[in-house]
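Coordinates from data_3.cif are shown below (mmCIF, C-alpha atoms).
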```
data_structure
loop_
_atom_site.label_atom_id
_atom_site.label_comp_id
_atom_site.auth_asym_id
_atom_site.auth_seq_id
_atom_site.Cartn_x
_atom_site.Cartn_y
_atom_site.Cartn_z
CA MET O 1 92.61 68.62 70.60
CA ILE O 2 92.19 71.37 68.05
CA GLU O 3 93.58 70.56 64.61
CA PRO O 4 96.29 72.93 63.31
CA ASP O 5 94.13 74.15 60.43
CA VAL O 6 91.41 75.16 62.88
CA VAL O 7 93.96 76.91 65.08
CA ALA O 8 95.16 78.76 61.99
CA LEU O 9 91.60 79.83 61.17
CA LEU O 10 90.87 80.99 64.72
CA GLU O 11 94.10 82.99 64.88
CA SER O 12 93.77 84.50 61.41
CA GLY O 13 92.03 87.70 60.38
CA ALA O 14 88.72 85.83 60.35
CA ALA O 15 85.46 87.52 61.30
CA THR O 16 84.97 86.48 64.92
CA MET O 17 81.94 86.78 67.19
CA VAL O 18 80.69 85.50 70.52
CA GLY O 19 77.26 84.52 71.76
CA THR O 20 76.26 84.57 75.41
CA VAL O 21 73.12 84.11 77.48
CA ASP O 22 71.83 85.61 80.72
CA ALA O 23 70.35 83.71 83.64
CA ASP O 24 66.86 84.03 82.11
CA GLY O 25 67.92 82.56 78.78
CA LYS O 26 68.10 85.84 76.87
CA PRO O 27 70.94 85.70 74.32
CA ALA O 28 73.32 88.54 73.42
CA GLY O 29 76.03 88.51 70.80
CA MET O 30 78.89 90.76 69.80
CA HIS O 31 81.85 90.95 67.45
CA ALA O 32 85.12 89.72 68.87
CA ILE O 33 88.57 91.18 68.20
CA GLY O 34 90.64 88.11 67.49
CA VAL O 35 91.50 84.83 69.14
CA GLN O 36 94.63 83.22 70.51
CA VAL O 37 94.79 79.46 71.06
CA LEU O 38 96.95 78.62 74.06
CA ASP O 39 98.99 75.46 74.49
CA ASP O 40 96.56 74.15 77.10
CA GLY O 41 93.72 74.40 74.57
CA THR O 42 92.01 77.40 76.11
CA LEU O 43 91.31 80.54 74.11
CA ARG O 44 92.04 84.20 74.77
CA VAL O 45 89.43 86.32 73.01
CA ALA O 46 89.57 90.12 72.92
CA LEU O 47 86.21 91.84 73.43
CA ASN O 48 84.91 95.38 73.62
CA ALA O 49 85.13 96.31 77.31
CA GLU O 50 82.07 98.56 77.00
CA GLU O 51 79.73 95.77 75.88
CA THR O 52 78.33 95.40 79.35
CA GLU O 53 75.39 93.14 78.47
CA VAL O 54 77.65 90.47 77.01
CA LEU O 55 80.27 90.80 79.74
CA ASP O 56 77.59 90.60 82.43
CA ASN O 57 76.30 87.42 80.81
CA LEU O 58 79.79 85.91 80.82
CA ARG O 59 80.12 86.61 84.51
CA ALA O 60 76.58 85.44 85.32
CA THR O 61 76.28 82.18 83.40
CA GLY O 62 79.73 81.69 81.90
CA VAL O 63 78.49 79.79 78.88
CA VAL O 64 79.77 81.08 75.58
CA ALA O 65 79.80 80.29 71.87
CA LEU O 66 82.50 81.64 69.61
CA ALA O 67 82.40 81.55 65.82
CA ALA O 68 85.08 82.41 63.29
CA THR O 69 84.52 82.82 59.57
CA ASP O 70 87.19 83.20 56.91
CA VAL O 71 85.90 86.22 55.00
CA PRO O 72 86.73 85.27 51.39
CA THR O 73 85.82 81.56 51.60
CA LEU O 74 83.14 81.56 54.36
CA ARG O 75 84.86 78.57 55.97
CA SER O 76 83.58 78.70 59.54
CA VAL O 77 83.92 77.00 62.90
CA GLN O 78 82.02 77.32 66.14
CA VAL O 79 83.33 76.69 69.65
CA LYS O 80 81.16 76.01 72.68
CA GLY O 81 82.84 76.59 75.98
CA ARG O 82 82.88 78.21 79.40
CA ALA O 83 84.29 81.51 80.50
CA LEU O 84 87.17 81.06 82.92
CA ALA O 85 87.98 84.75 83.36
CA VAL O 86 87.43 88.21 81.96
CA GLU O 87 90.62 90.13 82.52
CA PRO O 88 92.67 93.11 81.32
CA LEU O 89 94.79 92.89 78.19
CA THR O 90 98.43 92.04 78.50
CA ALA O 91 101.05 93.72 76.33
CA GLU O 92 101.13 90.56 74.24
CA ASP O 93 97.34 90.68 73.84
CA ARG O 94 97.58 94.24 72.60
CA ILE O 95 100.15 93.30 69.95
CA ARG O 96 98.00 90.36 68.92
CA THR O 97 94.79 92.41 68.66
CA ASP O 98 96.55 95.08 66.60
CA ARG O 99 97.83 92.36 64.28
CA TYR O 100 94.38 90.80 64.10
CA LEU O 101 92.66 94.08 63.25
CA ALA O 102 95.15 94.82 60.49
CA ALA O 103 94.65 91.36 58.98
CA PHE O 104 90.85 91.47 59.33
CA PHE O 105 90.52 94.93 57.84
CA GLN O 106 92.81 94.03 54.96
CA VAL O 107 90.85 90.93 54.01
CA VAL O 108 87.49 92.70 54.30
CA SER O 109 88.74 95.59 52.21
CA GLU O 110 90.12 93.23 49.57
CA THR O 111 86.89 91.20 49.55
CA ASP O 112 84.25 93.91 49.39
CA GLY O 113 86.15 97.14 48.86
CA THR O 114 85.30 98.75 52.20
CA PRO O 115 87.78 101.58 52.86
CA LEU O 116 90.24 100.86 55.67
CA ASP O 117 89.47 104.15 57.44
CA LEU O 118 85.81 103.18 57.65
CA LEU O 119 86.64 99.76 59.03
CA ALA O 120 88.71 101.48 61.71
CA ARG O 121 85.44 102.62 63.26
CA LEU O 122 85.01 99.02 64.46
CA VAL O 123 87.95 99.40 66.84
CA PRO O 124 86.70 99.57 70.45
CA ARG O 125 87.99 102.23 72.82
CA GLU O 126 88.75 99.64 75.45
CA LEU O 127 89.29 95.93 75.32
CA VAL O 128 89.19 93.09 77.78
CA VAL O 129 90.17 89.47 77.31
CA LEU O 130 87.84 86.54 77.75
CA VAL O 131 89.63 83.32 78.71
CA MET O 132 87.46 80.38 77.71
CA THR O 133 87.52 76.62 77.41
CA VAL O 134 86.89 74.67 74.24
CA ASP O 135 84.36 72.02 75.22
CA GLU O 136 82.87 71.43 71.77
CA LEU O 137 84.03 72.41 68.30
CA TYR O 138 81.95 72.31 65.11
CA ASP O 139 82.31 72.96 61.42
CA GLN O 140 79.98 75.85 60.61
CA THR O 141 80.87 76.33 56.95
CA PRO O 142 77.67 76.78 54.92
CA GLY O 143 76.69 73.46 53.40
CA PRO O 144 75.67 69.91 54.28
CA GLN O 145 78.66 69.37 56.61
CA ALA O 146 77.67 72.27 58.86
CA GLY O 147 77.33 71.10 62.44
CA ALA O 148 79.85 68.27 62.13
CA SER O 149 82.11 67.88 65.16
CA LEU O 150 85.75 68.86 64.63
CA VAL O 151 87.07 67.49 67.90
CA ARG O 152 89.53 64.70 67.29
CA ALA O 153 88.85 61.60 69.38
CA MET T 1 70.68 98.16 77.95
CA SER T 2 74.12 98.73 76.58
CA GLY T 3 73.58 101.74 74.37
CA ALA T 4 76.41 104.13 73.74
CA ASP T 5 74.51 106.98 75.38
CA ASP T 6 71.62 106.06 77.64
CA SER T 7 70.28 109.62 77.49
CA SER T 8 69.71 109.28 73.74
CA PRO T 9 66.31 108.08 72.56
CA GLN T 10 66.23 104.53 71.28
CA PRO T 11 66.67 104.53 67.49
CA THR T 12 63.82 103.22 65.38
CA LEU T 13 64.09 100.66 62.60
CA ALA T 14 63.51 103.48 60.12
CA ASP T 15 66.46 105.38 61.61
CA ILE T 16 68.78 102.49 60.85
CA GLU T 17 67.24 101.38 57.57
CA CYS T 18 70.61 101.43 55.80
CA CYS T 19 71.66 98.52 58.03
CA PHE T 20 69.18 96.35 56.13
CA GLU T 21 70.67 96.74 52.66
CA GLY T 22 72.67 93.54 53.01
CA ILE T 23 76.03 95.20 52.48
CA THR T 24 77.59 94.20 55.80
CA PRO T 25 76.76 90.77 57.26
CA ALA T 26 74.85 90.69 60.54
CA VAL T 27 75.45 88.48 63.57
CA ILE T 28 72.71 86.47 65.29
CA ALA T 29 72.95 84.94 68.76
CA THR T 30 70.35 82.52 70.07
CA ALA T 31 70.19 80.13 73.00
CA SER T 32 68.75 76.65 73.47
CA ALA T 33 66.29 75.82 76.21
CA ASP T 34 69.14 74.60 78.40
CA GLY T 35 70.92 77.93 78.01
CA THR T 36 73.60 77.03 75.49
CA PRO T 37 74.27 79.97 73.17
CA ASN T 38 74.88 79.79 69.43
CA VAL T 39 76.23 82.53 67.20
CA THR T 40 76.49 82.83 63.44
CA HIS T 41 76.49 85.28 60.56
CA LEU T 42 73.43 86.35 58.65
CA SER T 43 73.78 87.61 55.12
CA ARG T 44 70.97 90.11 55.57
CA VAL T 45 68.29 91.35 57.93
CA HIS T 46 65.17 92.59 56.13
CA TYR T 47 63.08 95.52 57.23
CA VAL T 48 59.40 94.48 57.28
CA ASP T 49 57.64 97.35 59.05
CA GLU T 50 58.30 99.74 61.91
CA THR T 51 58.28 96.96 64.50
CA HIS T 52 59.31 93.83 62.57
CA VAL T 53 62.27 92.40 60.69
CA ALA T 54 62.60 89.20 58.68
CA LEU T 55 65.55 86.83 58.68
CA SER T 56 66.21 84.46 55.83
CA ASN T 57 66.39 80.86 56.99
CA GLN T 58 68.66 78.99 54.61
CA PHE T 59 70.51 76.46 56.67
CA PHE T 60 71.17 77.79 60.14
CA SER T 61 69.63 74.69 61.65
CA LYS T 62 71.03 75.12 65.16
CA THR T 63 69.64 78.64 65.21
CA THR T 64 66.28 77.30 64.04
CA ARG T 65 66.25 74.59 66.70
CA ASN T 66 67.14 77.12 69.37
CA LEU T 67 64.36 79.47 68.31
CA ALA T 68 61.84 76.63 68.49
CA GLU T 69 62.84 76.18 72.12
CA ASN T 70 63.56 79.79 73.06
CA PRO T 71 62.08 82.41 70.70
CA ARG T 72 64.49 85.22 71.56
CA ALA T 73 67.40 86.40 69.47
CA SER T 74 70.06 89.07 69.59
CA VAL T 75 71.15 90.49 66.23
CA ILE T 76 73.98 92.90 65.52
CA VAL T 77 73.59 94.98 62.37
CA VAL T 78 76.12 97.43 60.95
CA ASP T 79 75.49 100.73 59.20
CA PRO T 80 77.59 100.29 56.03
CA GLN T 81 78.13 104.03 55.63
CA ARG T 82 79.34 104.88 59.14
CA TYR T 83 80.09 101.43 60.55
CA ASP T 84 77.99 102.14 63.61
CA SER T 85 76.62 98.91 65.10
CA TYR T 86 73.22 98.26 66.65
CA ARG T 87 71.97 95.38 68.77
CA LEU T 88 68.39 94.34 68.07
CA THR T 89 66.59 92.26 70.68
CA LEU T 90 64.09 90.11 68.80
CA GLN T 91 61.14 87.89 69.59
CA TYR T 92 60.27 85.26 66.98
CA GLU T 93 56.67 85.56 65.79
CA ARG T 94 56.02 83.45 62.68
CA THR T 95 57.43 81.75 59.60
CA GLU T 96 56.38 82.34 55.99
CA ARG T 97 57.13 79.79 53.26
CA ARG T 98 55.27 81.50 50.43
CA GLY T 99 54.01 84.94 49.53
CA PRO T 100 55.59 88.27 48.57
CA LEU T 101 58.04 88.51 51.48
CA PHE T 102 59.26 84.95 50.95
CA GLU T 103 59.71 85.63 47.25
CA GLU T 104 61.61 88.84 47.93
CA LEU T 105 63.96 87.12 50.36
CA SER T 106 64.38 84.17 48.00
CA ARG T 107 65.48 86.47 45.16
CA ASP T 108 67.86 88.19 47.53
CA ILE T 109 69.41 84.89 48.66
CA ASP T 110 69.80 83.75 45.06
CA ALA T 111 71.66 86.97 44.27
CA ILE T 112 73.97 86.61 47.28
CA ALA T 113 74.57 82.94 46.38
CA ALA T 114 75.59 83.91 42.87
CA LEU T 115 77.98 86.56 44.17
CA THR T 116 79.62 84.23 46.68
CA GLY T 117 79.72 81.09 44.55
CA MET T 118 77.24 79.38 46.89
CA THR T 119 74.43 78.69 44.41
CA GLU T 120 74.27 75.01 45.33
CA VAL T 121 74.31 75.77 49.06
CA PHE T 122 72.23 78.90 49.68
CA LYS T 123 68.54 78.12 49.25
CA LEU T 124 65.83 79.87 51.18
CA LYS T 125 63.79 77.57 53.40
CA SER T 126 61.62 80.19 55.04
CA ALA T 127 61.27 83.84 55.95
CA ASP T 128 61.16 84.14 59.72
CA ILE T 129 59.41 87.21 61.12
CA TYR T 130 60.48 88.75 64.42
CA ARG T 131 59.11 91.55 66.56
CA VAL T 132 61.83 94.03 67.52
CA LEU T 133 61.70 94.54 71.28
CA GLU T 134 64.69 96.85 71.64
CA ILE T 135 67.29 98.65 69.54
CA ALA T 136 70.51 99.81 71.17
CA GLN T 137 73.55 101.33 69.54
CA THR T 138 76.53 99.34 70.64
CA PRO T 139 79.20 101.26 72.54
CA ALA T 140 80.83 103.97 70.49
CA VAL T 141 83.90 102.95 68.55
CA GLY T 142 86.22 104.52 66.08
CA ASP T 143 88.82 106.18 68.21
CA GLY T 144 90.37 103.09 69.66
CA ARG T 145 93.53 103.08 67.61
#
```

Spit out the file's structure as structure tokens when you get a sec.
Amino acid sequence: MIEPDVVALLESGAATMVGTVDADGKPAGMHAIGVQVLDDGTLRVALNAEETEVLDNLRATGVVALAATDVPTLRSVQVKGRALAVEPLTAEDRIRTDRYLAAFFQVVSETDGTPLDLLARLVPRELVVLVMTVDELYDQTPGPQAGASLVRA
Amino acid sequence: MSGADDSSPQPTLADIECCFEGITPAVIATASADGTPNVTHLSRVHYVDETHVALSNQFFSKTTRNLAENPRASVIVVDPQRYDSYRLTLQYERTERRGPLFEELSRDIDAIAALTGMTEVFKLKSADIYRVLEIAQTPAVGDGR
């Protein structure tokens, strides 16, 4: 069960990223383009469709870490899970990713002054959606509580 | 390799030196011995020489544990002027807990802590030195909207 405040963080304009690993244990990470938490507890995560190393890892080993950090406060969480599918965007996904990018760019620009047109260079040409489980969930906010489990018993 | 243009020569660390100014946070992915990945932000990647970078180890304990088991890392750095991204494939080599590099990173962390209100939290434990095995520009972006 993911607490509502964690759902809100994951679905906000937080900085999001995924970590993957190949069959030989070599890691590869990338920025993610927003998260949706579904009613069944799985996540839909938009990724750059041209990041072949990461996508190959997802298909090969299926293990994935996802982190989200609120830009102004650095409040952070990390999810450990498994890839269930890598699939094309739906129309709803496209609306959600557009909304995410607008929110993310706005908060980054307000926090560090980066121009919005420069941030737009982070927008991938093509996106796919990773569907993943949430097997473990941790607080990753910098400080002594980092690493504490956030999964409610 | 997932470079934007495989016919282009691999960039050097000197080519992407502006990525190491600490303006845009980096991303580091590691994996434990059992193959569980971990991913987190880094405030800054430091250029050491033409084949090495240093990462400041403040508190990313899971990353540290992973690197003790599996000394490979994947780091994404961003050019703050163009917002081009690069993936560095790293191999951990050694840790320094004193000396000029440690002192430089420690001053840098103290400055970032002051800016972010994290003075009581950000404290450099070590400067970890990595050999850069590969640099690849991540797939071209910027015209996706």

Considering only C-alpha atoms, return as a ChimeraX atom specification whatever protein or nucleic-acid residues lie within 10 Å of stretch 62-64 of chain T, sequence-local ones (same chain, fewer than 2 positions apart) excluded.
/O:146-147 /T:28-32,37-40,57-60,66-71,73,128

Neighbour list for T:Glu17 as a PyMOL selection string, cut-off 12 Å, only C-alpha atoms, skip fewer than 2 positions in-chain:
chain T and resi 11-15+19-23+45-50+53+77-81+86

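Picture a line from atom CA of O:Asp70 to atom CA of O:Ala83; it runs 23.8 Å.
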
Report as a PyMOL selection string all protein, DNA and RNA residues lying within 7 Å of O:Asp139, evaluated on only C-alpha atoms, omitting residues in the same chain fewer than 3 positions from it.
chain O and resi 76-78+146-150

Apply the PyMOL selection byres ((chain O and resi 43) around 10) to the structure shown and report the selected residues as a short mmCIF file (atom, residue, chain, number, x, y, z; two decimals) with C-alpha atoms, keeping the file's coordinate frame.
```
data_model
loop_
_atom_site.label_atom_id
_atom_site.label_comp_id
_atom_site.auth_asym_id
_atom_site.auth_seq_id
_atom_site.Cartn_x
_atom_site.Cartn_y
_atom_site.Cartn_z
CA LEU O 10 90.87 80.99 64.72
CA GLU O 11 94.10 82.99 64.88
CA VAL O 35 91.50 84.83 69.14
CA GLN O 36 94.63 83.22 70.51
CA VAL O 37 94.79 79.46 71.06
CA LEU O 38 96.95 78.62 74.06
CA ASP O 39 98.99 75.46 74.49
CA ASP O 40 96.56 74.15 77.10
CA GLY O 41 93.72 74.40 74.57
CA THR O 42 92.01 77.40 76.11
CA ARG O 44 92.04 84.20 74.77
CA VAL O 45 89.43 86.32 73.01
CA ALA O 46 89.57 90.12 72.92
CA LEU O 66 82.50 81.64 69.61
CA VAL O 79 83.33 76.69 69.65
CA GLY O 81 82.84 76.59 75.98
CA ALA O 83 84.29 81.51 80.50
CA LEU O 84 87.17 81.06 82.92
CA VAL O 129 90.17 89.47 77.31
CA LEU O 130 87.84 86.54 77.75
CA VAL O 131 89.63 83.32 78.71
CA MET O 132 87.46 80.38 77.71
CA THR O 133 87.52 76.62 77.41
CA VAL O 134 86.89 74.67 74.24
#
```

List the residues selected by the PyMOL selection byres ((chain O) within 7 of (chain T)) in the file shown, writing them as a PyMOL selection string.
chain O and resi 18-21+25-30+50-53+63-67+118-126+142-143

Take every atom of stretch 23-38 of chain T listed in the file, fit an axis-aligned box around them, add 8 Å per side, and give the centre and edge lengths in Å to one decimal as AutoDock Vina command-line options.
```
--center_x 71.9 --center_y 84.9 --center_z 65.4 --size_x 27.3 --size_y 36.6 --size_z 41.9
```

Given the PyMOL selection byres ((chain O and resi 33) around 8), the residues it picks as a PyMOL selection string
chain O and resi 16+31-32+34-35+45-48+97+100-101

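One finds atom CA of T:Leu133 at 28.1 Å from atom CA of T:Ile112.
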
Pairwise distance for atom CA of T:Arg131 and atom CA of T:Leu105, rounded to one decimal in Å
17.5 Å

Which residue is closest to T:Leu42? Choose from O:Ala14, O:Leu137, O:Ile95, O:Leu74 and count only C-alpha atoms.
O:Leu74

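Considering all atoms listed in the file, the residue among O:Val54, O:Ala68, O:Ala91, O:Leu127 positioned nearest to O:Val7 is O:Ala68.
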
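Comparing the minimum interatomic distances between O:Ala85 and each of O:Ala23, O:Met1, O:Leu55, O:Leu116, counting all atoms listed in the file, we find that O:Leu55 sits nearest.
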